[in-house]
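**Q** Quick one: the structure is below, and I'll ask about it shortly.
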Amino acid sequence: METFPWSATRARTFQECRRKYYYRYHLAPLGRRPDAPPEACVAHRLKDLVGLEAWAGDLVHAVIEHVLNRWRAGRLVTEDEVTAMASRELSRRFRNSFDYWEADPDSFTRRPVLLDVHYYRRDEPVSRERGAAIKETVVRSLQSFMRSELAGRIRTVGRENWRPIDRNAAARVEGDILILVKPDFAFVEGDRLYIVDWKTGKPDPFWEMVQVTCYAFYAQEKWGYALPRIVPQVVHLYPEFRDGEAAYTEESIRNVMLFIRESQDELGSLLDTEDLPSVERFPYTDDCGRCRWCAFRGMCEGSCRQEEK
Ligand code: SF4
């Protein structure tokens with residue numbers, strides 16, 4: 001049977017809606033092929049659409065990465081500069097997301113982060129209030145980061161103690177499961193290895209526990225630290241800076257391993273020998289709230305499907 005990498009995002013998508021999982025992880029990848037069926041092309045087009053909050057979160061990550069690169073180069077950056085950079089990026093990225101759909105395909109060397117509203121509600125501008133709220137999330141998140149004790153520690157330990165994260169970071173657990181991870185930053189302080197993820201959205205203790213444990217597996221394999229000497233952290237930047245409360249204990253590590261194994265087995269059991277497993281194995285969610293913001297709602301006949309209001 002085909003093997004495939006596991007990730008918390010993949011498992012979470014499956015848990016939220018199996019049909020969405022089918023579109024995202026089975027159908028959409030076929031859309032890259034020259035002989036792709038039309039439905040796969042649509043799924044491929046929709047798969048990366050994001051809501052405003054996730055879009056703002058991505059922007060915050062990009063600006064923090066820029067700040068870290070400046071620090072790595074030994075340069076200073078003030079909070080005012082960071083805020084100004086964020087405002088410029090907000091406008092530029094918003095424009096790119098809007099223009100992308102009608103632009104010459106060669107005018108974008110990389111696909112911009114695409115806002116859901118620019119695909120589904122192209123003629124309806126984002127309200128002034130919503131725009132202001134998004135900007136406030138971005139600015140406050142960046143201020144939280146710049147003023148945080150964590151940022152101070154990152155600078156104090158110095159770049160010689162920073163550890164680069166692989167572009168396609170992954171670790172093997174239980175010998176045969178490859179887990180994909182996307183932490184934001186890692187550094188050594190004293191005899192500990194810190195591996196960190198910044199978040200601007202709402203806390204979710206269960207998935208944060210899964211995430212931090214996966215980060216620890218990656219750090220263990222990549223840098224050879226024993227799990228008790230790894231400090232994996234989710235830190236929340238909005239509405240103010242605070243450490244996440246995800247469990248990271250011997251027991252939680254065992255539970256997450258078990259969860260990953262069971263999840264991988266369940267996902268694997270739905271595969272066929274064919275490219276595309278039977279769609280009937282992936283029912284629609286009963287939770288109508290999920291459909292409202294689902295990137296695939298334009299192609300999905302799910303009974304819960306609702307139009308955005
Ligand atoms: S629109 Fe609803 S049922 Fe369809 S894939 Fe999305 S979440 Fe699932």
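Every chain in the structure tokens has a letter given in the order shown (A, B, ...), and although residue numbers restart at 1 in each chain, ligands are simply numbered from 1 in the order shown.
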If we count only C-alpha atoms, what is near range 120-137 of chain A at a cut-off of 10 Å, once residues fewer than 6 positions away on the same chain are taken out, given as a PDB file with C-alpha atoms, in the first residue's frame?

**A**
ATOM      1  CA  LEU A  49      -7.521  29.808  -0.362  1.00  0.00           C
ATOM      2  CA  LEU A  52      -8.629  36.846   6.406  1.00  0.00           C
ATOM      3  CA  GLU A  53      -7.398  35.726   9.833  1.00  0.00           C
ATOM      4  CA  TRP A  55      -3.916  35.474   5.803  1.00  0.00           C
ATOM      5  CA  ALA A  56      -3.042  38.005   8.510  1.00  0.00           C
ATOM      6  CA  GLY A  57      -1.251  35.252  10.460  1.00  0.00           C
ATOM      7  CA  VAL A  60       2.855  38.264  10.713  1.00  0.00           C
ATOM      8  CA  ALA A  86       3.620  45.387   8.027  1.00  0.00           C
ATOM      9  CA  SER A  87       1.418  48.167   6.582  1.00  0.00           C
ATOM     10  CA  LEU A  90      -0.687  44.340   4.000  1.00  0.00           C
ATOM     11  CA  PHE A  98      -6.995  40.342  -5.743  1.00  0.00           C
ATOM     12  CA  TRP A 101      -7.064  35.707 -10.641  1.00  0.00           C
ATOM     13  CA  GLN A 143       4.274  44.549  18.835  1.00  0.00           C
ATOM     14  CA  THR A 200      -2.086  34.745  16.032  1.00  0.00           C
ATOM     15  CA  GLY A 201      -5.282  32.668  16.090  1.00  0.00           C
ATOM     16  CA  LEU A 237       0.942  36.876  19.940  1.00  0.00           C
ATOM     17  CA  TYR A 238      -2.627  38.135  19.885  1.00  0.00           C
ATOM     18  CA  PRO A 239      -4.317  39.817  21.683  1.00  0.00           C
ATOM     19  CA  GLU A 240      -1.146  39.812  23.785  1.00  0.00           C
ATOM     20  CA  ALA A 295     -12.170  26.731   0.670  1.00  0.00           C
ATOM     21  CA  ARG A 297     -17.484  25.147  -0.757  1.00  0.00           C
ATOM     22  CA  GLY A 298     -17.694  26.304  -4.386  1.00  0.00           C
ATOM     23  CA  GLU A 307     -23.080  30.774   1.389  1.00  0.00           C
ATOM     24  CA  GLU A 308     -21.067  33.326   3.328  1.00  0.00           C
TER      25      GLU A 308
END

**Q** Around ligand 1, which protein and nucleic acid residues have at least one atom no more than 8 Å from it, if we count only C-alpha atoms and all ligand atoms? List them as a PyMOL selection string.

**A** chain A and resi 16-21+23+283-288+290-306

**Q** Output N, CA and C atoms for every residue in the selection just made, as a short mmCIF file (atom, residue, chain, number, x, y, z; two decimals), in the first residue's frame.

**A**
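out-v3.cif was written with the following content:
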data_model
loop_
_atom_site.label_atom_id
_atom_site.label_comp_id
_atom_site.auth_asym_id
_atom_site.auth_seq_id
_atom_site.Cartn_x
_atom_site.Cartn_y
_atom_site.Cartn_z
N GLU A 16 -12.01 17.30 10.79
CA GLU A 16 -13.02 18.35 10.60
C GLU A 16 -14.03 17.98 9.51
N CYS A 17 -13.54 17.45 8.40
CA CYS A 17 -14.47 17.04 7.34
C CYS A 17 -13.72 16.09 6.40
N ARG A 18 -14.23 14.87 6.30
CA ARG A 18 -13.54 13.88 5.47
C ARG A 18 -13.59 14.25 4.00
N ARG A 19 -14.69 14.87 3.59
CA ARG A 19 -14.76 15.26 2.18
C ARG A 19 -13.73 16.34 1.86
N LYS A 20 -13.55 17.25 2.78
CA LYS A 20 -12.54 18.29 2.59
C LYS A 20 -11.15 17.65 2.48
N TYR A 21 -10.92 16.66 3.32
CA TYR A 21 -9.66 15.94 3.28
C TYR A 21 -9.46 15.31 1.89
N TYR A 23 -10.74 16.28 -0.98
CA TYR A 23 -10.45 17.32 -1.97
C TYR A 23 -8.99 17.78 -1.84
N PRO A 283 -17.27 11.11 3.71
CA PRO A 283 -18.55 11.82 3.85
C PRO A 283 -18.39 13.29 4.19
N TYR A 284 -19.45 14.04 3.94
CA TYR A 284 -19.50 15.46 4.31
C TYR A 284 -19.59 15.61 5.82
N THR A 285 -19.08 16.71 6.32
CA THR A 285 -19.25 16.98 7.75
C THR A 285 -20.72 17.29 8.06
N ASP A 286 -21.11 17.04 9.31
CA ASP A 286 -22.45 17.44 9.77
C ASP A 286 -22.42 18.83 10.37
N ASP A 287 -21.23 19.36 10.53
CA ASP A 287 -21.08 20.65 11.20
C ASP A 287 -21.16 21.77 10.16
N CYS A 288 -22.35 22.35 10.03
CA CYS A 288 -22.58 23.35 8.98
C CYS A 288 -21.65 24.55 9.09
N ARG A 290 -18.62 24.64 9.57
CA ARG A 290 -17.35 24.44 8.87
C ARG A 290 -17.48 24.77 7.38
N CYS A 291 -18.64 24.51 6.82
CA CYS A 291 -18.83 24.72 5.37
C CYS A 291 -18.77 26.20 5.03
N ARG A 292 -19.18 26.99 5.96
CA ARG A 292 -19.31 28.42 5.67
C ARG A 292 -17.99 29.03 5.22
N TRP A 293 -16.90 28.56 5.80
CA TRP A 293 -15.59 29.14 5.47
C TRP A 293 -14.68 28.16 4.74
N CYS A 294 -15.26 27.05 4.29
CA CYS A 294 -14.42 26.03 3.66
C CYS A 294 -13.98 26.49 2.27
N ALA A 295 -12.71 26.32 1.98
CA ALA A 295 -12.17 26.73 0.67
C ALA A 295 -12.84 25.99 -0.48
N PHE A 296 -13.36 24.78 -0.22
CA PHE A 296 -13.93 23.96 -1.29
C PHE A 296 -15.43 24.13 -1.45
N ARG A 297 -16.02 25.06 -0.75
CA ARG A 297 -17.48 25.15 -0.76
C ARG A 297 -18.03 25.41 -2.15
N GLY A 298 -17.22 26.01 -3.03
CA GLY A 298 -17.69 26.30 -4.39
C GLY A 298 -17.85 25.06 -5.24
N MET A 299 -17.22 23.95 -4.86
CA MET A 299 -17.34 22.74 -5.67
C MET A 299 -18.04 21.60 -4.93
N CYS A 300 -18.36 21.83 -3.67
CA CYS A 300 -18.86 20.75 -2.82
C CYS A 300 -20.38 20.74 -2.79
N GLU A 301 -20.95 19.55 -2.95
CA GLU A 301 -22.41 19.42 -2.92
C GLU A 301 -22.88 19.03 -1.52
N GLY A 302 -22.02 19.19 -0.54
CA GLY A 302 -22.37 18.80 0.83
C GLY A 302 -23.67 19.44 1.29
N SER A 303 -24.43 18.66 2.06
CA SER A 303 -25.75 19.14 2.47
C SER A 303 -25.66 20.33 3.41
N CYS A 304 -24.51 20.50 4.04
CA CYS A 304 -24.36 21.60 4.98
C CYS A 304 -23.94 22.89 4.29
N ARG A 305 -23.70 22.80 3.02
CA ARG A 305 -23.10 23.94 2.35
C ARG A 305 -23.93 25.19 2.55
N GLN A 306 -23.24 26.27 2.92
CA GLN A 306 -23.93 27.56 3.10
C GLN A 306 -23.12 28.63 2.41
#

**Q** Using only C-alpha atoms, which residue out of A:Thr249, A:Ser141, A:Glu274, A:His61 lies closest to Phe185 in chain A?

**A**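 Checking each candidate against Phe185 in chain A, we get A:His61 as the closest.
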
**Q** Would you mind telling me which residue in A:Ser263, A:Glu160, A:Pro183, A:Gly244 lies nearest to Ala73 in chain A when using only C-alpha atoms?

**A**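 Closest candidate: A:Glu160.
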
**Q** Could you pull the residues within 9 Å of Ala186 in chain A, counting only C-alpha atoms, minus those fewer than 3 positions along the same chain, as a CSV table (one decimal) with C-alpha atoms, in the first residue's frame?

**A**
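Output file part_39.csv is given in full below:
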chain,number,residue,atom,x,y,z
A,161,ASN,CA,22.9,29.5,19.0
A,162,TRP,CA,20.1,29.8,16.5
A,163,ARG,CA,19.3,26.5,14.7
A,164,PRO,CA,18.1,26.6,11.1
A,165,ILE,CA,14.8,24.8,10.4
A,183,PRO,CA,8.0,25.2,13.4
A,193,LEU,CA,16.9,23.3,22.8
A,194,TYR,CA,13.9,25.6,22.3
A,195,ILE,CA,11.7,25.1,19.3
A,196,VAL,CA,8.9,27.6,18.8
A,219,ALA,CA,14.4,18.5,17.2
A,232,PRO,CA,8.8,22.9,22.3

**Q** Out of A:Val188, A:Val235, A:Ala151, A:Val139, which residue has the shortest atom-to-atom distance to Lys202 in chain A when counting only C-alpha atoms?

**A**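 Using only C-alpha atoms, Lys202 in chain A sits closest to A:Val235.
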
**Q** Write out as a list in words which residues come within 9 Å of range 30-43 of chain A when counting only C-alpha atoms, dropping same-chain ones fewer than 3 positions away.

**A**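 Residues meeting the cut-off are Tyr23, Arg24, His26, Leu27, Leu46, Lys47, Asp275, Leu276, Phe296 and Met299 of chain A.
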
**Q** Neighbouring residues of range 145-150 of chain A were defined as those with any atom within 9 Å, considering only C-alpha atoms; residues of the same chain fewer than 5 positions away were excluded. Please report them as a PyMOL selection string.

**A** chain A and resi 64+78-79+82+140+155+198+237+240-242

**Q** Would you save the residues from that selection as a JSON list (two decimals), in the first residue's frame, using N, CA and C atoms?

**A**
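What follows is the written file selection-v4.json:
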[["chain", "number", "residue", "atom", "x", "y", "z"],
["A", 64, "ILE", "N", 7.98, 38.67, 10.92],
["A", 64, "ILE", "CA", 8.89, 38.22, 11.99],
["A", 64, "ILE", "C", 10.14, 37.56, 11.37],
["A", 78, "THR", "N", 13.62, 48.76, 14.45],
["A", 78, "THR", "CA", 12.77, 49.32, 15.50],
["A", 78, "THR", "C", 11.32, 48.86, 15.31],
["A", 79, "GLU", "N", 10.56, 49.05, 16.38],
["A", 79, "GLU", "CA", 9.15, 48.67, 16.30],
["A", 79, "GLU", "C", 8.41, 49.51, 15.24],
["A", 82, "VAL", "N", 9.03, 48.04, 11.93],
["A", 82, "VAL", "CA", 8.28, 46.79, 11.77],
["A", 82, "VAL", "C", 6.82, 47.10, 11.43],
["A", 140, "ARG", "N", -0.72, 44.47, 16.42],
["A", 140, "ARG", "CA", -0.57, 44.06, 17.83],
["A", 140, "ARG", "C", 0.24, 42.79, 17.97],
["A", 155, "ARG", "N", 17.67, 37.28, 20.91],
["A", 155, "ARG", "CA", 18.77, 38.19, 20.55],
["A", 155, "ARG", "C", 19.98, 37.97, 21.47],
["A", 198, "TRP", "N", 4.96, 30.65, 16.49],
["A", 198, "TRP", "CA", 4.14, 31.81, 16.88],
["A", 198, "TRP", "C", 2.74, 31.61, 16.32],
["A", 237, "LEU", "N", 0.55, 35.46, 20.07],
["A", 237, "LEU", "CA", 0.94, 36.88, 19.94],
["A", 237, "LEU", "C", -0.25, 37.82, 20.03],
["A", 240, "GLU", "N", -2.43, 39.40, 23.20],
["A", 240, "GLU", "CA", -1.15, 39.81, 23.78],
["A", 240, "GLU", "C", -0.26, 38.57, 23.86],
["A", 241, "PHE", "N", 0.99, 38.80, 24.14],
["A", 241, "PHE", "CA", 1.93, 37.68, 24.16],
["A", 241, "PHE", "C", 1.64, 36.75, 25.34],
["A", 242, "ARG", "N", 1.57, 35.46, 25.04],
["A", 242, "ARG", "CA", 1.51, 34.50, 26.15],
["A", 242, "ARG", "C", 1.89, 33.12, 25.66]]

**Q** Skipping near chain neighbours, those fewer than 5 positions away, what residues fall within 9 Å of Ala246 in chain A using only C-alpha atoms, listed as a list of chain:residue names?

**A** A:Asp204, A:Pro205, A:Phe206, A:Trp207, A:Glu208, A:Met209, A:Val210, A:Gln211, A:Val212, A:Gln233, A:Val234

**Q** Emit the selected residues as a short mmCIF file (atom, residue, chain, number, x, y, z; two decimals), in the first residue's frame, including N, CA and C atoms.

**A**
data_model
loop_
_atom_site.label_atom_id
_atom_site.label_comp_id
_atom_site.auth_asym_id
_atom_site.auth_seq_id
_atom_site.Cartn_x
_atom_site.Cartn_y
_atom_site.Cartn_z
N ASP A 204 -5.80 26.22 20.88
CA ASP A 204 -6.47 24.93 20.79
C ASP A 204 -5.56 23.90 21.46
N PRO A 205 -5.79 23.65 22.77
CA PRO A 205 -4.83 22.85 23.54
C PRO A 205 -4.54 21.47 22.95
N PHE A 206 -5.57 20.79 22.41
CA PHE A 206 -5.30 19.45 21.90
C PHE A 206 -4.32 19.49 20.72
N TRP A 207 -4.64 20.32 19.71
CA TRP A 207 -3.79 20.34 18.52
C TRP A 207 -2.44 20.97 18.82
N GLU A 208 -2.40 21.87 19.79
CA GLU A 208 -1.10 22.44 20.17
C GLU A 208 -0.23 21.36 20.84
N MET A 209 -0.88 20.48 21.62
CA MET A 209 -0.12 19.39 22.24
C MET A 209 0.47 18.48 21.14
N VAL A 210 -0.36 18.19 20.13
CA VAL A 210 0.14 17.35 19.03
C VAL A 210 1.29 18.07 18.33
N GLN A 211 1.09 19.35 18.06
CA GLN A 211 2.13 20.10 17.34
C GLN A 211 3.45 20.15 18.11
N VAL A 212 3.38 20.53 19.39
CA VAL A 212 4.65 20.67 20.13
C VAL A 212 5.37 19.33 20.23
N GLN A 233 7.45 24.93 22.08
CA GLN A 233 6.49 25.93 22.57
C GLN A 233 5.63 26.48 21.44
N VAL A 234 4.35 26.65 21.76
CA VAL A 234 3.49 27.49 20.92
C VAL A 234 3.33 28.79 21.69
#

**Q** Enumerate the residues of range 103-251 of chain A with a DSSP assignment of helix (DSSP H, G or I), computed from the backbone, and present them as number ranges by chain.

**A** A: 105-107, 116-120, 128-147, 149-157, 159-161, 205-223, 227-229, 250-251

**Q** Keeping only C-alpha atoms, write the selected residues to a file as an mmCIF file, in the first residue's frame.

**A**
data_model
loop_
_atom_site.group_PDB
_atom_site.id
_atom_site.type_symbol
_atom_site.label_atom_id
_atom_site.label_comp_id
_atom_site.auth_asym_id
_atom_site.auth_seq_id
_atom_site.Cartn_x
_atom_site.Cartn_y
_atom_site.Cartn_z
ATOM 1 C CA PRO A 105 0.011 33.769 -15.385
ATOM 2 C CA ASP A 106 3.647 34.838 -15.898
ATOM 3 C CA SER A 107 3.294 38.005 -13.873
ATOM 4 C CA ASP A 116 -10.882 33.402 -0.005
ATOM 5 C CA VAL A 117 -12.931 36.599 -0.394
ATOM 6 C CA HIS A 118 -11.102 37.524 -3.594
ATOM 7 C CA TYR A 119 -12.255 34.287 -5.158
ATOM 8 C CA TYR A 120 -15.769 33.913 -3.768
ATOM 9 C CA ARG A 128 -13.687 49.051 6.458
ATOM 10 C CA GLU A 129 -14.296 47.581 9.957
ATOM 11 C CA ARG A 130 -13.049 44.134 8.959
ATOM 12 C CA GLY A 131 -9.990 45.619 7.297
ATOM 13 C CA ALA A 132 -9.224 47.686 10.396
ATOM 14 C CA ALA A 133 -9.615 44.625 12.645
ATOM 15 C CA ILE A 134 -7.189 42.638 10.499
ATOM 16 C CA LYS A 135 -4.671 45.444 10.550
ATOM 17 C CA GLU A 136 -4.998 45.686 14.310
ATOM 18 C CA THR A 137 -4.353 41.927 14.654
ATOM 19 C CA VAL A 138 -1.213 42.233 12.546
ATOM 20 C CA VAL A 139 0.167 45.299 14.315
ATOM 21 C CA ARG A 140 -0.571 44.059 17.830
ATOM 22 C CA SER A 141 0.877 40.638 17.104
ATOM 23 C CA LEU A 142 4.092 42.194 15.870
ATOM 24 C CA GLN A 143 4.274 44.549 18.835
ATOM 25 C CA SER A 144 3.763 41.555 21.142
ATOM 26 C CA PHE A 145 6.648 39.792 19.500
ATOM 27 C CA MET A 146 8.999 42.792 19.509
ATOM 28 C CA ARG A 147 8.284 43.555 23.184
ATOM 29 C CA GLU A 149 10.934 38.442 26.703
ATOM 30 C CA LEU A 150 11.308 35.646 24.155
ATOM 31 C CA ALA A 151 12.492 38.067 21.449
ATOM 32 C CA GLY A 152 14.996 39.472 23.957
ATOM 33 C CA ARG A 153 16.300 35.986 24.731
ATOM 34 C CA ILE A 154 16.605 35.122 21.049
ATOM 35 C CA ARG A 155 18.774 38.186 20.549
ATOM 36 C CA THR A 156 20.776 37.594 23.717
ATOM 37 C CA VAL A 157 21.760 34.000 22.905
ATOM 38 C CA ARG A 159 22.841 33.814 16.098
ATOM 39 C CA GLU A 160 25.532 31.209 16.847
ATOM 40 C CA ASN A 161 22.903 29.523 19.013
ATOM 41 C CA PRO A 205 -4.834 22.848 23.539
ATOM 42 C CA PHE A 206 -5.297 19.445 21.897
ATOM 43 C CA TRP A 207 -3.788 20.337 18.524
ATOM 44 C CA GLU A 208 -1.102 22.438 20.174
ATOM 45 C CA MET A 209 -0.117 19.391 22.238
ATOM 46 C CA VAL A 210 0.135 17.355 19.034
ATOM 47 C CA GLN A 211 2.128 20.103 17.339
ATOM 48 C CA VAL A 212 4.646 20.672 20.126
ATOM 49 C CA THR A 213 5.264 16.948 20.454
ATOM 50 C CA CYS A 214 5.899 16.680 16.710
ATOM 51 C CA TYR A 215 8.322 19.611 16.935
ATOM 52 C CA ALA A 216 10.155 17.789 19.704
ATOM 53 C CA PHE A 217 10.419 14.649 17.541
ATOM 54 C CA TYR A 218 11.899 16.769 14.782
ATOM 55 C CA ALA A 219 14.377 18.485 17.152
ATOM 56 C CA GLN A 220 15.388 15.135 18.613
ATOM 57 C CA GLU A 221 16.154 13.678 15.204
ATOM 58 C CA LYS A 222 17.666 16.801 13.683
ATOM 59 C CA TRP A 223 19.915 17.984 16.514
ATOM 60 C CA LEU A 227 13.213 14.770 24.580
ATOM 61 C CA PRO A 228 13.464 16.036 28.210
ATOM 62 C CA ARG A 229 16.015 18.641 27.078
ATOM 63 C CA GLU A 250 6.105 11.714 29.228
ATOM 64 C CA GLU A 251 2.448 10.786 29.262
#

**Q** When you draw a straight line from CA of Leu68 in chain A to CA of Phe187 in chain A, how long is it in Å?

**A** 12.1 Å

**Q** What is the distance, in Å and to one decimal place, between CA of Glu189 in chain A and CA of Tyr225 in chain A?

**A**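 Value for the CA of Glu189 in chain A-CA of Tyr225 in chain A distance: 12.7 Å.
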
**Q** Which residue gives the smallest distance to Glu65 in chain A among A:Asp184, A:Thr109, A:Ile230, A:Gly190, with only C-alpha atoms counted?

**A**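 Counting only C-alpha atoms, the residue closest to Glu65 in chain A is A:Asp184.
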
**Q** Which one is closest to Arg10 in chain A: A:Pro203, A:Tyr22, A:Asp191, A:Val231? Count only C-alpha atoms.

**A** A:Tyr22

**Q** Could you write out, as a PyMOL selection string, all the residues of range 78-272 of chain A that DSSP marks as strand (DSSP E)?

**A** chain A and resi 170-173+177-180+185-189+192-199+230-236+242-243

**Q** Any chance you can output those residues with C-alpha atoms as a CSV table (one decimal), in the first residue's frame?

**A**
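Ended up saving to selection.csv:
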chain,number,residue,atom,x,y,z
A,170,ALA,CA,10.2,16.1,8.9
A,171,ALA,CA,11.0,13.4,11.4
A,172,ARG,CA,10.4,9.7,11.5
A,173,VAL,CA,8.5,8.2,14.4
A,177,ILE,CA,5.8,7.2,9.9
A,178,LEU,CA,7.2,10.3,8.4
A,179,ILE,CA,5.7,13.4,10.1
A,180,LEU,CA,5.9,16.8,8.5
A,185,PHE,CA,12.3,29.1,15.1
A,186,ALA,CA,14.8,27.1,17.2
A,187,PHE,CA,17.6,28.1,19.4
A,188,VAL,CA,19.8,26.7,22.2
A,189,GLU,CA,19.9,28.3,25.6
A,192,ARG,CA,18.1,23.2,26.3
A,193,LEU,CA,16.9,23.3,22.8
A,194,TYR,CA,13.9,25.6,22.3
A,195,ILE,CA,11.7,25.1,19.3
A,196,VAL,CA,8.9,27.6,18.8
A,197,ASP,CA,5.8,28.4,16.8
A,198,TRP,CA,4.1,31.8,16.9
A,199,LYS,CA,0.4,31.9,16.6
A,230,ILE,CA,13.8,20.0,24.3
A,231,VAL,CA,11.4,22.8,25.1
A,232,PRO,CA,8.8,22.9,22.3
A,233,GLN,CA,6.5,25.9,22.6
A,234,VAL,CA,3.5,27.5,20.9
A,235,VAL,CA,3.4,31.2,21.8
A,236,HIS,CA,0.4,33.3,21.2
A,242,ARG,CA,1.5,34.5,26.2
A,243,ASP,CA,2.9,31.0,26.2

**Q** Which residues come within 9 Å of Leu76 in chain A, counting only C-alpha atoms, excluding same-chain residues fewer than 5 positions away, as number ranges by chain?

**A** A: 67, 70-71

**Q** Once you have the residues from the selection above, write them out as a PDB file, in the first residue's frame, restricted to C-alpha atoms.

**A**
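Saved to selection34.pdb:
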ATOM      1  CA  VAL A  67      13.068  40.828  11.575  1.00  0.00           C
ATOM      2  CA  ARG A  70      17.887  41.509  10.119  1.00  0.00           C
ATOM      3  CA  TRP A  71      19.052  40.438  13.576  1.00  0.00           C
TER       4      TRP A  71
END
